[in-house]
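Take a look at the structure below.
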Amino acid sequence: MDKMSKEGLFKLTYGLYVLTARSGEKDNGCIINVASQVTDNPLQIFISVNKQNLTHDIIAETGLFNLCILTEQTPMKVFEHFGFQSGRDVNKFANCEVELRAGNGLLYLPKYTNAYLSGKVVNRIDAGTHTLFLAEVTESVHLSDDPSLTYAWYHENIKPKPAMPSAQGEGKTRWVCQTCGYVYEGDEMPDDFVCPWCKHGKADFVKMENQ
C-alpha cells in the first residue's frame, strides 16, 4: 500500500474560487482552491495563495481581497483567463462586460458566482510555496442559489481530458499535469519544473501512455 498516495489527497473536499485584489489603479485576480471559515465570532476565513501569483503580492501589500465563490456553471474559459496567465503580463479585467465593486472598492465577479466574501487580513502564515492569510469578513453577499463548484466537479465535468499523442509528437515522452491537464514533452522532467498553468510541481505530473 502506498502510504503517500496523491489519490488520497484528492479525496479532500475543495472548492474553486476567483480571488480579486487591487493595488492603486491595478485590479487583478487569480484562481485558488483553498478557503474556509475559521470562526463565527468574530467571523473569519483563511485562504491559501501561491506566492508566484501577483494577487498574492497585492494582498500582502494591501491586506484586502474579495473571494468569489464559483458555481457548477463556470466554463473552462474562466479558469484559463484567471489561472493560466499572469496579471504581470495582461490586464485580466480589460474586457469585462461590467465592473462591480464591493464596499472595499475591489472588483467581484457577478457571473458564475453565487456569493462573494470581502476579507481584511489580520494574520498570515508562511507555508513555503504559499501564504495562508487569516482575514476578518467585512462583507458577505449572496448572489444566487446555484450549487458551489467543487474540485471534483471541475475535474469530472469542466477540465478538458488530456489529448492523446498526435502523429506530430510521435516518439516523444509526454507528461500530463493531474491538476490542470498541461502536457510537458521530454524524456525526463526537470526536478524543479513548475507547471506554467497551475504552478504545481513535478510530483503532480504522470507519464502519458500511448494508445
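Labels for the C-alpha cells follow display order: chains A, B, ..., residues from 1 in each chain, ligands from 1.
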
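Neighbouring residues of Asn33 (chain A) at 8 Å or closer, counting only C-alpha atoms and skipping chain neighbours under 4 positions away, are A:Tyr14, A:Gly15, A:Leu16, A:Tyr17, A:Ser48, A:Tyr151.
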
Store the residues of this selection in a file with C-alpha atoms, as a PDB file, in the first residue's frame.
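The resulting file, selection_12.pdb, is shown below:
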ATOM      1  CA  TYR A  14     -12.046  21.613  -2.131  1.00  0.00           C
ATOM      2  CA  GLY A  15     -13.895  24.465  -3.737  1.00  0.00           C
ATOM      3  CA  LEU A  16     -12.710  26.701  -6.559  1.00  0.00           C
ATOM      4  CA  TYR A  17     -12.694  30.462  -6.323  1.00  0.00           C
ATOM      5  CA  SER A  48      -4.094  29.872   0.735  1.00  0.00           C
ATOM      6  CA  TYR A 151     -12.681  20.476  -7.241  1.00  0.00           C
TER       7      TYR A 151
END

**Item:** Close residues, region 105-110 of chain A itself excluded, 7 Å, only C-alpha atoms, min 4 positions apart in chain, as number ranges by chain
**Value:** A: 20-22, 66, 68, 99-101

Keeping only N, CA and C atoms, write those residues as a PDB file, in the first residue's frame.
ATOM      1  N   THR A  20      -9.843  38.208  -5.911  1.00  0.00           N
ATOM      2  CA  THR A  20      -9.525  39.503  -6.513  1.00  0.00           C
ATOM      3  C   THR A  20      -8.869  40.430  -5.501  1.00  0.00           C
ATOM      4  N   ALA A  21      -8.055  41.348  -6.024  1.00  0.00           N
ATOM      5  CA  ALA A  21      -7.347  42.324  -5.188  1.00  0.00           C
ATOM      6  C   ALA A  21      -7.058  43.558  -6.037  1.00  0.00           C
ATOM      7  N   ARG A  22      -6.615  44.639  -5.374  1.00  0.00           N
ATOM      8  CA  ARG A  22      -6.356  45.887  -6.093  1.00  0.00           C
ATOM      9  C   ARG A  22      -5.231  46.648  -5.418  1.00  0.00           C
ATOM     10  N   ASN A  66     -11.288  40.070  -2.227  1.00  0.00           N
ATOM     11  CA  ASN A  66     -12.629  39.520  -2.381  1.00  0.00           C
ATOM     12  C   ASN A  66     -12.508  38.073  -2.817  1.00  0.00           C
ATOM     13  N   CYS A  68     -14.551  35.215  -4.557  1.00  0.00           N
ATOM     14  CA  CYS A  68     -15.745  34.953  -5.363  1.00  0.00           C
ATOM     15  C   CYS A  68     -15.950  33.444  -5.460  1.00  0.00           C
ATOM     16  N   GLU A  99     -18.228  46.131 -14.574  1.00  0.00           N
ATOM     17  CA  GLU A  99     -17.370  46.139 -13.390  1.00  0.00           C
ATOM     18  C   GLU A  99     -18.211  46.471 -12.167  1.00  0.00           C
ATOM     19  N   LEU A 100     -18.241  45.546 -11.224  1.00  0.00           N
ATOM     20  CA  LEU A 100     -18.961  45.746  -9.980  1.00  0.00           C
ATOM     21  C   LEU A 100     -17.983  45.667  -8.826  1.00  0.00           C
ATOM     22  N   ARG A 101     -18.086  46.622  -7.909  1.00  0.00           N
ATOM     23  CA  ARG A 101     -17.148  46.686  -6.788  1.00  0.00           C
ATOM     24  C   ARG A 101     -17.885  46.520  -5.463  1.00  0.00           C
TER      25      ARG A 101
END

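Proximity ranking of A:Glu97, A:Val18, A:Thr71, A:Asn104 relative to Ala35 (chain A) places A:Val18 first, based on only C-alpha atoms.
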
**Fill in**
Here CA of Ile59 (chain A) and CA of Val121 (chain A) stand apart by 8.2 Å

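Proximity ranking of A:Asp187, A:Asp146, A:Glu139, A:Asp89 relative to Lys111 (chain A) places A:Asp146 first, based on only C-alpha atoms.
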
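Distances from A:Gln73, A:Phe193, A:Glu80, A:Val122 to Leu134 (chain A) were compared using only C-alpha atoms, and the smallest one belongs to A:Val122.
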
**Item:** Best match for closeness to Lys120 (chain A) among A:Val90, A:Leu64, A:Cys30, A:Leu149, counting only C-alpha atoms
**Value:** A:Leu64

**Item:** Among listed residues A:Tyr182, A:Phe133, A:Phe65, A:Phe93, nearest Val49 (chain A) (using only C-alpha atoms)
**Value:** A:Phe133

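Minimum distance to Pro75 (chain A) across A:Ser140, A:Thr113, A:Thr173, A:Asn123 (counting only C-alpha atoms) occurs at A:Thr113.
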
**Request:** Check region 41-205 of chain A with DSSP on the backbone and list each residue it calls strand (DSSP E), as a PyMOL selection string.
**Result:** chain A and resi 43-50+64-70+100-101+107-108+113-127+130-142+174-177+183-185+205

**Item:** All alpha helix (DSSP H) positions in region 58-155 of chain A, as a ChimeraX atom specification
**Value:** /A:58-62,76-83,151-153
